[in-house]
$ cat upload00.tsv   # TSV, C-alpha atoms
chain	number	residue	atom	x	y	z
A	1	MET	CA	-8.92	27.26	26.89
A	2	THR	CA	-10.11	29.69	29.58
A	3	ASP	CA	-7.50	32.36	30.30
A	4	ILE	CA	-8.86	33.09	33.76
A	5	LEU	CA	-11.14	31.02	36.00
A	6	VAL	CA	-12.89	33.26	38.53
A	7	LEU	CA	-14.52	31.87	41.68
A	8	GLY	CA	-15.89	34.39	44.14
A	9	GLY	CA	-18.29	37.20	44.82
A	10	ALA	CA	-20.92	38.08	42.20
A	11	HIS	CA	-23.92	39.80	43.72
A	12	ILE	CA	-26.00	42.99	43.66
A	13	ASP	CA	-24.50	46.26	44.89
A	14	ARG	CA	-26.95	48.96	45.96
A	15	ARG	CA	-25.53	52.35	46.83
A	16	GLY	CA	-27.53	55.27	48.17
A	17	PHE	CA	-26.06	58.77	48.02
A	18	SER	CA	-27.14	61.68	50.22
A	19	GLY	CA	-25.82	65.11	51.09
A	20	ASP	CA	-24.95	65.82	54.71
A	21	THR	CA	-26.61	62.78	56.26
A	22	ALA	CA	-28.92	63.45	59.20
A	23	PRO	CA	-29.24	60.30	61.36
A	24	GLY	CA	-32.77	59.36	62.41
A	25	ALA	CA	-34.35	61.44	59.66
A	26	SER	CA	-35.47	61.16	56.06
A	27	ASN	CA	-32.64	62.25	53.77
A	28	PRO	CA	-32.99	63.26	50.12
A	29	GLY	CA	-30.74	61.26	47.82
A	30	MET	CA	-30.45	58.84	44.94
A	31	TRP	CA	-29.83	55.11	44.42
A	32	LYS	CA	-27.56	53.16	42.11
A	33	GLU	CA	-27.93	49.41	41.64
A	34	GLU	CA	-25.72	47.09	39.61
A	35	ALA	CA	-24.12	43.68	39.66
A	36	GLY	CA	-20.92	43.75	41.69
A	37	GLY	CA	-18.57	41.88	44.01
A	38	GLY	CA	-14.78	42.02	44.04
A	39	ALA	CA	-14.16	38.97	41.87
A	40	PHE	CA	-16.99	39.90	39.51
A	41	ASN	CA	-15.83	43.49	39.04
A	42	CYS	CA	-12.33	42.29	38.25
A	43	ALA	CA	-13.67	39.58	35.93
A	44	ARG	CA	-15.72	42.12	33.94
A	45	SER	CA	-12.72	44.36	33.41
A	46	LEU	CA	-10.45	41.48	32.39
A	47	SER	CA	-13.05	40.27	29.92
A	48	ARG	CA	-13.36	43.76	28.43
A	49	LEU	CA	-9.58	43.80	28.07
A	50	GLY	CA	-9.80	40.76	25.82
A	51	HIS	CA	-9.20	37.86	28.19
A	52	ARG	CA	-11.37	34.75	28.09
A	53	VAL	CA	-12.97	34.64	31.54
A	54	THR	CA	-15.14	31.93	33.14
A	55	LEU	CA	-17.07	32.78	36.31
A	56	ILE	CA	-18.32	30.32	38.94
A	57	SER	CA	-20.35	31.81	41.80
A	58	PRO	CA	-23.43	30.96	43.88
A	59	ARG	CA	-26.75	32.62	42.93
A	60	GLY	CA	-30.28	32.60	44.20
A	61	GLY	CA	-33.28	31.78	42.05
A	62	ASP	CA	-34.46	35.40	41.99
A	63	SER	CA	-34.44	38.51	39.85
A	64	GLU	CA	-31.15	39.62	41.41
A	65	GLY	CA	-29.51	36.40	40.23
A	66	GLU	CA	-30.87	37.03	36.74
A	67	ALA	CA	-29.43	40.57	36.86
A	68	VAL	CA	-25.97	39.20	37.68
A	69	ALA	CA	-26.25	36.69	34.82
A	70	SER	CA	-27.25	39.46	32.40
A	71	ALA	CA	-24.33	41.64	33.49
A	72	ALA	CA	-21.91	38.73	33.04
A	73	GLU	CA	-23.24	38.06	29.54
A	74	ALA	CA	-23.01	41.76	28.62
A	75	ALA	CA	-19.34	41.80	29.67
A	76	GLY	CA	-18.54	38.69	27.61
A	77	ILE	CA	-17.98	36.44	30.63
A	78	ILE	CA	-18.64	32.69	30.39
A	79	ASP	CA	-21.05	32.28	33.30
A	80	ARG	CA	-21.29	28.94	35.15
A	81	PRO	CA	-23.21	29.64	38.38
A	82	PHE	CA	-24.41	27.35	41.13
A	83	THR	CA	-28.07	28.34	41.43
A	84	PHE	CA	-29.96	27.79	44.69
A	85	LEU	CA	-33.58	28.23	43.62
A	86	ASP	CA	-34.95	28.63	47.16
A	87	ARG	CA	-32.43	31.23	48.33
A	88	ARG	CA	-31.62	34.91	47.76
A	89	THR	CA	-28.72	36.19	45.70
A	90	PRO	CA	-26.29	38.06	47.99
A	91	THR	CA	-26.63	41.84	48.17
A	92	TYR	CA	-24.53	44.71	49.48
A	93	THR	CA	-26.42	47.88	50.39
A	94	ALA	CA	-24.50	51.03	51.31
A	95	ILE	CA	-25.42	54.58	52.25
A	96	MET	CA	-22.73	57.04	51.20
A	97	GLU	CA	-22.07	60.75	51.40
A	98	ARG	CA	-21.80	62.62	48.12
A	99	ASP	CA	-18.00	62.64	48.44
A	100	GLY	CA	-17.99	58.83	48.51
A	101	ASN	CA	-17.45	58.34	52.24
A	102	LEU	CA	-19.37	55.41	53.65
A	103	VAL	CA	-22.06	56.14	56.26
A	104	ILE	CA	-23.29	52.56	56.84
A	105	ALA	CA	-23.55	49.34	54.84
A	106	LEU	CA	-25.45	46.07	55.15
A	107	ALA	CA	-24.04	42.91	53.58
A	108	ASP	CA	-26.54	40.07	53.07
A	109	MET	CA	-23.98	37.45	52.03
A	110	ASP	CA	-25.33	34.29	53.66
A	111	LEU	CA	-25.50	32.37	50.38
A	112	TYR	CA	-21.70	32.34	50.01
A	113	ARG	CA	-21.38	29.92	52.92
A	114	PHE	CA	-23.15	27.31	50.76
A	115	PHE	CA	-20.26	27.43	48.29
A	116	SER	CA	-18.56	24.65	50.24
A	117	PRO	CA	-15.42	22.70	49.28
A	118	LYS	CA	-17.55	19.83	47.96
A	119	ARG	CA	-18.77	22.14	45.18
A	120	LEU	CA	-15.23	22.11	43.81
A	121	ALA	CA	-15.45	18.34	43.37
A	122	VAL	CA	-18.30	18.65	40.86
A	123	ARG	CA	-17.24	17.51	37.39
A	124	GLN	CA	-18.12	20.85	35.82
A	125	VAL	CA	-15.79	22.70	38.21
A	126	ARG	CA	-12.96	20.17	37.87
A	127	ASP	CA	-13.16	20.56	34.10
A	128	GLN	CA	-12.94	24.33	34.41
A	129	PHE	CA	-9.80	24.03	36.54
A	130	ASP	CA	-8.30	21.64	33.99
A	131	ASP	CA	-9.05	24.15	31.22
A	132	ALA	CA	-7.73	27.28	32.99
A	133	ALA	CA	-4.40	29.06	32.82
A	134	PHE	CA	-4.96	31.32	35.83
A	135	VAL	CA	-7.29	31.42	38.87
A	136	LEU	CA	-8.80	34.51	40.51
A	137	THR	CA	-10.80	34.49	43.74
A	138	ASP	CA	-11.82	36.78	46.59
A	139	ALA	CA	-12.45	36.64	50.32
A	140	ASN	CA	-16.23	36.44	49.94
A	141	LEU	CA	-15.93	32.63	49.92
A	142	PRO	CA	-15.59	30.58	53.15
A	143	ALA	CA	-12.04	29.97	54.41
A	144	GLU	CA	-12.34	26.20	53.93
A	145	THR	CA	-13.44	26.71	50.31
A	146	LEU	CA	-10.52	29.04	49.66
A	147	ALA	CA	-8.21	26.38	51.09
A	148	ALA	CA	-9.66	23.71	48.78
A	149	LEU	CA	-9.61	26.09	45.82
A	150	THR	CA	-5.94	27.02	46.24
A	151	LYS	CA	-5.07	23.34	46.72
A	152	ALA	CA	-6.84	22.44	43.46
A	153	ALA	CA	-4.91	25.19	41.68
A	154	ALA	CA	-1.59	24.03	43.17
A	155	GLU	CA	-2.22	20.47	41.99
A	156	ARG	CA	-2.45	21.85	38.44
A	157	ASN	CA	0.41	24.37	38.82
A	158	LEU	CA	-2.01	27.24	38.23
A	159	PRO	CA	-1.10	30.71	39.54
A	160	VAL	CA	-3.67	32.24	41.90
A	161	ALA	CA	-4.60	35.87	42.48
A	162	ALA	CA	-6.97	37.05	45.23
A	163	ILE	CA	-8.83	40.17	46.33
A	164	GLY	CA	-9.02	41.04	50.04
A	165	ILE	CA	-12.60	42.49	50.03
A	166	SER	CA	-12.62	43.85	53.61
A	167	PRO	CA	-10.62	43.81	56.86
A	168	ALA	CA	-13.06	41.27	58.32
A	169	LYS	CA	-12.83	38.90	55.34
A	170	VAL	CA	-9.20	39.14	54.21
A	171	VAL	CA	-8.12	37.11	57.26
A	172	ARG	CA	-9.62	34.07	55.54
A	173	PHE	CA	-6.37	34.03	53.53
A	174	GLN	CA	-4.18	34.08	56.65
A	175	ASP	CA	-3.15	30.42	56.42
A	176	LEU	CA	-3.04	30.38	52.62
A	177	LEU	CA	-0.61	33.19	51.81
A	178	ASP	CA	2.10	30.85	50.54
A	179	ARG	CA	-0.41	29.49	47.98
A	180	LEU	CA	-1.13	32.91	46.47
A	181	ASP	CA	0.85	34.56	43.70
A	182	TYR	CA	-0.88	37.93	44.18
A	183	LEU	CA	-3.14	39.40	46.85
A	184	PHE	CA	-4.73	42.81	46.28
A	185	MET	CA	-5.63	44.79	49.41
A	186	ASN	CA	-6.08	48.25	50.79
A	187	GLU	CA	-4.02	49.29	53.78
A	188	ALA	CA	-6.76	48.55	56.33
A	189	GLU	CA	-6.97	44.99	55.00
A	190	ALA	CA	-3.18	44.63	55.15
A	191	ARG	CA	-3.20	45.70	58.80
A	192	ALA	CA	-5.99	43.23	59.61
A	193	LEU	CA	-4.15	40.41	57.86
A	194	THR	CA	-0.77	40.96	59.53
A	195	GLY	CA	-1.44	42.84	62.75
A	196	ASP	CA	1.29	45.28	61.66
A	197	THR	CA	1.16	49.04	61.15
A	198	PRO	CA	4.53	50.07	59.68
A	199	ALA	CA	5.56	53.71	59.96
A	200	ASP	CA	6.73	53.58	56.34
A	201	HIS	CA	4.29	52.02	53.87
A	202	ARG	CA	7.22	50.88	51.73
A	203	ALA	CA	7.95	48.31	54.44
A	204	TRP	CA	4.80	46.37	53.50
A	205	PRO	CA	6.47	44.11	50.87
A	206	ALA	CA	9.05	42.84	53.39
A	207	ILE	CA	6.31	42.23	55.95
A	208	MET	CA	4.17	40.34	53.44
A	209	ARG	CA	7.05	38.25	52.13
A	210	ALA	CA	7.88	37.26	55.72
A	211	LYS	CA	4.28	36.01	56.02
A	212	GLY	CA	4.78	33.86	52.89
A	213	LEU	CA	3.01	36.06	50.32
A	214	LYS	CA	5.03	36.12	47.08
A	215	GLY	CA	3.39	39.09	45.42
A	216	GLY	CA	0.60	41.62	45.56
A	217	ALA	CA	-0.30	45.26	45.89
A	218	ILE	CA	-1.59	47.57	48.59
A	219	THR	CA	-3.66	50.57	47.54
A	220	ARG	CA	-3.96	53.55	49.85
A	221	GLY	CA	-6.73	55.75	48.48
A	222	GLY	CA	-5.10	58.71	46.74
A	223	ARG	CA	-1.76	58.04	48.40
A	224	GLU	CA	1.19	56.05	47.09
A	225	ILE	CA	0.53	52.46	45.99
A	226	VAL	CA	3.08	49.76	46.75
A	227	ALA	CA	3.41	46.44	44.87
A	228	TRP	CA	5.87	43.57	44.97
A	229	ASP	CA	6.78	40.18	43.59
A	230	GLU	CA	9.44	37.66	44.59
A	231	THR	CA	12.38	39.76	43.38
A	232	SER	CA	11.45	43.44	43.49
A	233	GLN	CA	8.99	46.07	44.67
A	234	ALA	CA	7.43	49.09	43.00
A	235	SER	CA	5.65	52.22	44.14
A	236	LEU	CA	3.58	54.84	42.37
A	237	LEU	CA	1.69	57.96	43.43
A	238	PRO	CA	-1.58	58.04	41.45
A	239	PRO	CA	-2.36	61.47	39.99
A	240	PRO	CA	-5.51	63.13	41.37
A	241	LEU	CA	-8.76	63.20	39.44
A	242	GLU	CA	-10.66	66.47	39.23
A	243	VAL	CA	-14.03	64.69	39.21
A	244	ILE	CA	-14.69	61.27	40.77
A	245	GLY	CA	-17.75	59.42	39.54
A	246	ASP	CA	-17.78	56.69	42.21
A	247	VAL	CA	-15.05	55.27	44.46
A	248	THR	CA	-16.67	51.81	44.49
A	249	GLY	CA	-14.65	49.23	42.58
A	250	ALA	CA	-11.45	51.26	42.19
A	251	GLY	CA	-9.39	48.56	43.94
A	252	ASP	CA	-10.94	45.87	41.76
A	253	GLY	CA	-10.11	47.99	38.72
A	254	PHE	CA	-6.51	48.24	39.90
A	255	ALA	CA	-6.32	44.44	40.26
A	256	ALA	CA	-7.68	43.95	36.74
A	257	GLY	CA	-5.19	46.35	35.15
A	258	PHE	CA	-2.29	44.87	37.11
A	259	LEU	CA	-3.18	41.29	36.20
A	260	HIS	CA	-3.78	42.24	32.55
A	261	ALA	CA	-0.23	43.60	32.28
A	262	ARG	CA	1.33	40.61	34.02
A	263	LEU	CA	-0.64	38.08	31.99
A	264	GLU	CA	0.59	39.87	28.85
A	265	GLY	CA	4.18	39.37	29.98
A	266	GLY	CA	4.69	42.80	31.56
A	267	THR	CA	7.04	43.63	34.42
A	268	LEU	CA	6.07	44.53	37.96
A	269	GLY	CA	6.42	48.18	36.95
A	270	ASP	CA	4.07	47.62	34.02
A	271	GLY	CA	1.61	45.98	36.40
A	272	ILE	CA	1.41	48.86	38.85
A	273	VAL	CA	1.15	51.47	36.07
A	274	HIS	CA	-1.59	49.54	34.23
A	275	GLY	CA	-3.35	48.99	37.57
A	276	ALA	CA	-3.30	52.69	38.39
A	277	ALA	CA	-4.59	53.56	34.90
A	278	SER	CA	-7.41	51.02	35.19
A	279	ALA	CA	-8.34	52.28	38.67
A	280	ARG	CA	-8.41	55.83	37.29
A	281	LEU	CA	-10.95	54.78	34.66
A	282	ALA	CA	-13.07	53.03	37.32
A	283	LEU	CA	-12.99	56.14	39.53
A	284	ALA	CA	-14.07	58.35	36.64
A	285	SER	CA	-17.05	56.09	35.93
A	286	GLU	CA	-20.33	56.49	37.78
A	287	MET	CA	-20.48	52.70	38.00
A	288	ALA	CA	-18.18	50.28	39.85
A	289	THR	CA	-16.32	49.42	36.63
A	290	ALA	CA	-15.52	51.37	33.48
A	291	GLU	CA	-18.20	50.03	31.14
A	292	ASP	CA	-16.39	51.40	28.07
A	293	LEU	CA	-13.07	49.78	29.04
A	294	THR	CA	-11.03	48.40	26.14
A	295	ARG	CA	-7.35	47.72	25.56
A	296	ASP	CA	-7.12	50.89	23.50
A	297	LEU	CA	-8.74	53.02	26.19
A	298	LEU	CA	-6.38	51.59	28.82
A	299	MET	CA	-3.36	52.22	26.60
A	300	ASN	CA	-4.51	55.81	25.98
A	301	THR	CA	-4.81	56.35	29.74
A	302	LEU	CA	-1.29	55.14	30.56
A	303	PRO	CA	0.36	58.50	29.72
A	304	LEU	CA	-1.72	60.10	32.50
A	305	VAL	CA	-0.01	57.88	35.09
A	306	PRO	CA	3.60	58.48	36.23
A	307	SER	CA	6.26	55.81	35.87
A	308	ALA	CA	6.75	53.41	38.75
A	309	GLU	CA	9.70	53.62	41.10
A	310	ILE	CA	11.37	50.20	41.22
A	311	VAL	CA	13.44	48.88	44.13
A	312	LEU	CA	15.29	45.60	43.58
$ encode --input "upload00.tsv" --output "structure tokens"
Amino acid sequence: MTDILVLGGAHIDRRGFSGDTAPGASNPGMWKEEAGGGAFNCARSLSRLGHRVTLISPRGGDSEGEAVASAAEAAGIIDRPFTFLDRRTPTYTAIMERDGNLVIALADMDLYRFFSPKRLAVRQVRDQFDDAAFVLTDANLPAETLAALTKAAAERNLPVAAIGISPAKVVRFQDLLDRLDYLFMNEAEARALTGDTPADHRAWPAIMRAKGLKGGAITRGGREIVAWDETSQASLLPPPLEVIGDVTGAGDGFAAGFLHARLEGGTLGDGIVHGAASARLALASEMATAEDLTRDLLMNTLPLVPSAEIVL
């Protein structure tokens, strides 16, 4: 049986780093390129933590699609893509300052719109749903596909977790919040989803529950994280890192650590602590995920994270 069925973004991330960027001029810098995407980053980490993960995502018939497939295989993911031979694999290209602040980004994500609801009716996909214990997705997929996906999960009583991706995309979950067990967002995505800007970030769980969302977490950069489920909420201030390798993928790392703890029977407090530890490892890595991530490494990182504050 598949522990986790992942349907969502799996594409190529290209990130260019410069010093003090001078617009309209040639800037010295360096490039990083790797397979990425919110769902894919989370899937890699969950697989490295020992979970059996199956990935379904659209790919083009190009070298970028082959690179995503190779990265999935290297992480131990069972890869079941829909390949469109005449189209390009999605790419995300960003120019960033050395401190990790984004200058500008271009997202060539047109292929995701071809992952339509009818793709979920294919026998291969139905079988994967029947074989899964948990479903993970992200807001890279079209809203109508997310609606069909969460409906398919509900028909099988499968819990669903989701990743917000961006303020522009997270709104695709707006009418589906009562079908999600967890939604992982940053604060900008939470504001876009709800239209609210609470003075106290600890008010987010009540706001989200009122919208129908049973559980989730909101990360806030280096500031206090807040998480909740149906009965309680937790908060945690992540300790600072002296050296940050790359900020990309930290939120996906948090989602992976949180879900790992919950799937292992942990409490909400365990989830937020494991999530913060996993995000710390992702931040320390020069890649979007911690490539050396293991259960032992995560366990050894937990003492570096403070205990969660729980409010019932």
$ closest_atom_pairs --input "upload00.tsv" --of "region 40-151 of chain A" --to "region 182-193 of chain A" --cutoff "10 Å" --atoms "only C-alpha atoms" --output "Markdown table"
| residue | atom | partner | partner_atom | distance |
| --- | --- | --- | --- | --- |
| A:Leu136 | CA | A:Tyr182 | CA | 9.4 |
| A:Thr137 | CA | A:Leu183 | CA | 9.6 |
| A:Asp138 | CA | A:Leu183 | CA | 9.1 |
$ atom_distance --input "upload00.tsv" --atom1 "CA of Ala74 (chain A)" --atom2 "CA of Arg44 (chain A)"
9.0 Å
$ closest_residue --input "upload00.tsv" --among "A:Arg156, A:Lys32, A:Arg48, A:His11" --to "Asp292 (chain A)" --atoms "all atoms listed in the file"
A:Arg48
$ closest_residue --input "upload00.tsv" --among "A:Ile165, A:Ile12, A:Val226, A:Leu281" --to "Gly253 (chain A)" --atoms "only C-alpha atoms"
A:Leu281
$ atom_distance --input "upload00.tsv" --atom1 "CA of Gln128 (chain A)" --atom2 "CA of Val160 (chain A)"
14.3 Å
$ atom_distance --input "upload00.tsv" --atom1 "CA of Asp79 (chain A)" --atom2 "CA of Asp108 (chain A)"
21.9 Å
$ closest_residue --input "upload00.tsv" --among "A:Arg80, A:Arg172, A:His274, A:Arg123" --to "Leu298 (chain A)" --atoms "only C-alpha atoms"
A:His274
$ closest_residue --input "upload00.tsv" --among "A:Leu49, A:Ala203, A:Leu106, A:Leu7" --to "Val125 (chain A)" --atoms "all atoms listed in the file"
A:Leu7
$ residues_around --input "upload00.tsv" --residues "region 116-121 of chain A" --least-positions-apart "4" --cutoff "8 Å" --atoms "all atoms listed in the file" --output "list of chain:residue names"
A:Val125, A:Arg126, A:Pro142, A:Glu144, A:Thr145, A:Ala148, A:Leu149
$ closest_residue --input "upload00.tsv" --among "A:Met30, A:Ala94, A:Leu241, A:Leu180" --to "Arg15 (chain A)" --atoms "only C-alpha atoms"
A:Ala94
$ residues_around --input "upload00.tsv" --residues "Ala139 (chain A)" --least-positions-apart "4" --cutoff "8 Å" --atoms "only C-alpha atoms" --output "MDAnalysis selection string"
chainID A and resid 8 143 146 162:166 169:170 172:173
$ write_last_selection --input "upload00.tsv" --atoms "C-alpha atoms" --output "short mmCIF file (atom, residue, chain, number, x, y, z; two decimals), in the frame of the given file"
data_model
loop_
_atom_site.label_atom_id
_atom_site.label_comp_id
_atom_site.auth_asym_id
_atom_site.auth_seq_id
_atom_site.Cartn_x
_atom_site.Cartn_y
_atom_site.Cartn_z
CA GLY A 8 -15.89 34.39 44.14
CA ALA A 143 -12.04 29.97 54.41
CA LEU A 146 -10.52 29.04 49.66
CA ALA A 162 -6.97 37.05 45.23
CA ILE A 163 -8.83 40.17 46.33
CA GLY A 164 -9.02 41.04 50.04
CA ILE A 165 -12.60 42.49 50.03
CA SER A 166 -12.62 43.85 53.61
CA LYS A 169 -12.83 38.90 55.34
CA VAL A 170 -9.20 39.14 54.21
CA ARG A 172 -9.62 34.07 55.54
CA PHE A 173 -6.37 34.03 53.53
#
$ closest_residue --input "upload00.tsv" --among "A:Leu263, A:Val6, A:Ala75, A:Ala199" --to "Ala290 (chain A)" --atoms "only C-alpha atoms"
A:Ala75
$ residues_around --input "upload00.tsv" --residues "Asn157 (chain A)" --least-positions-apart "6" --cutoff "12 Å" --atoms "all atoms listed in the file" --output "number ranges by chain"
A: 129-130, 132-135, 150-151, 179-181
$ residues_around --input "upload00.tsv" --residues "Glu66 (chain A)" --least-positions-apart "2" --cutoff "12 Å" --atoms "only C-alpha atoms" --output "number ranges by chain"
A: 10-12, 34-35, 58-64, 68-73, 79, 81, 83, 85, 88-89
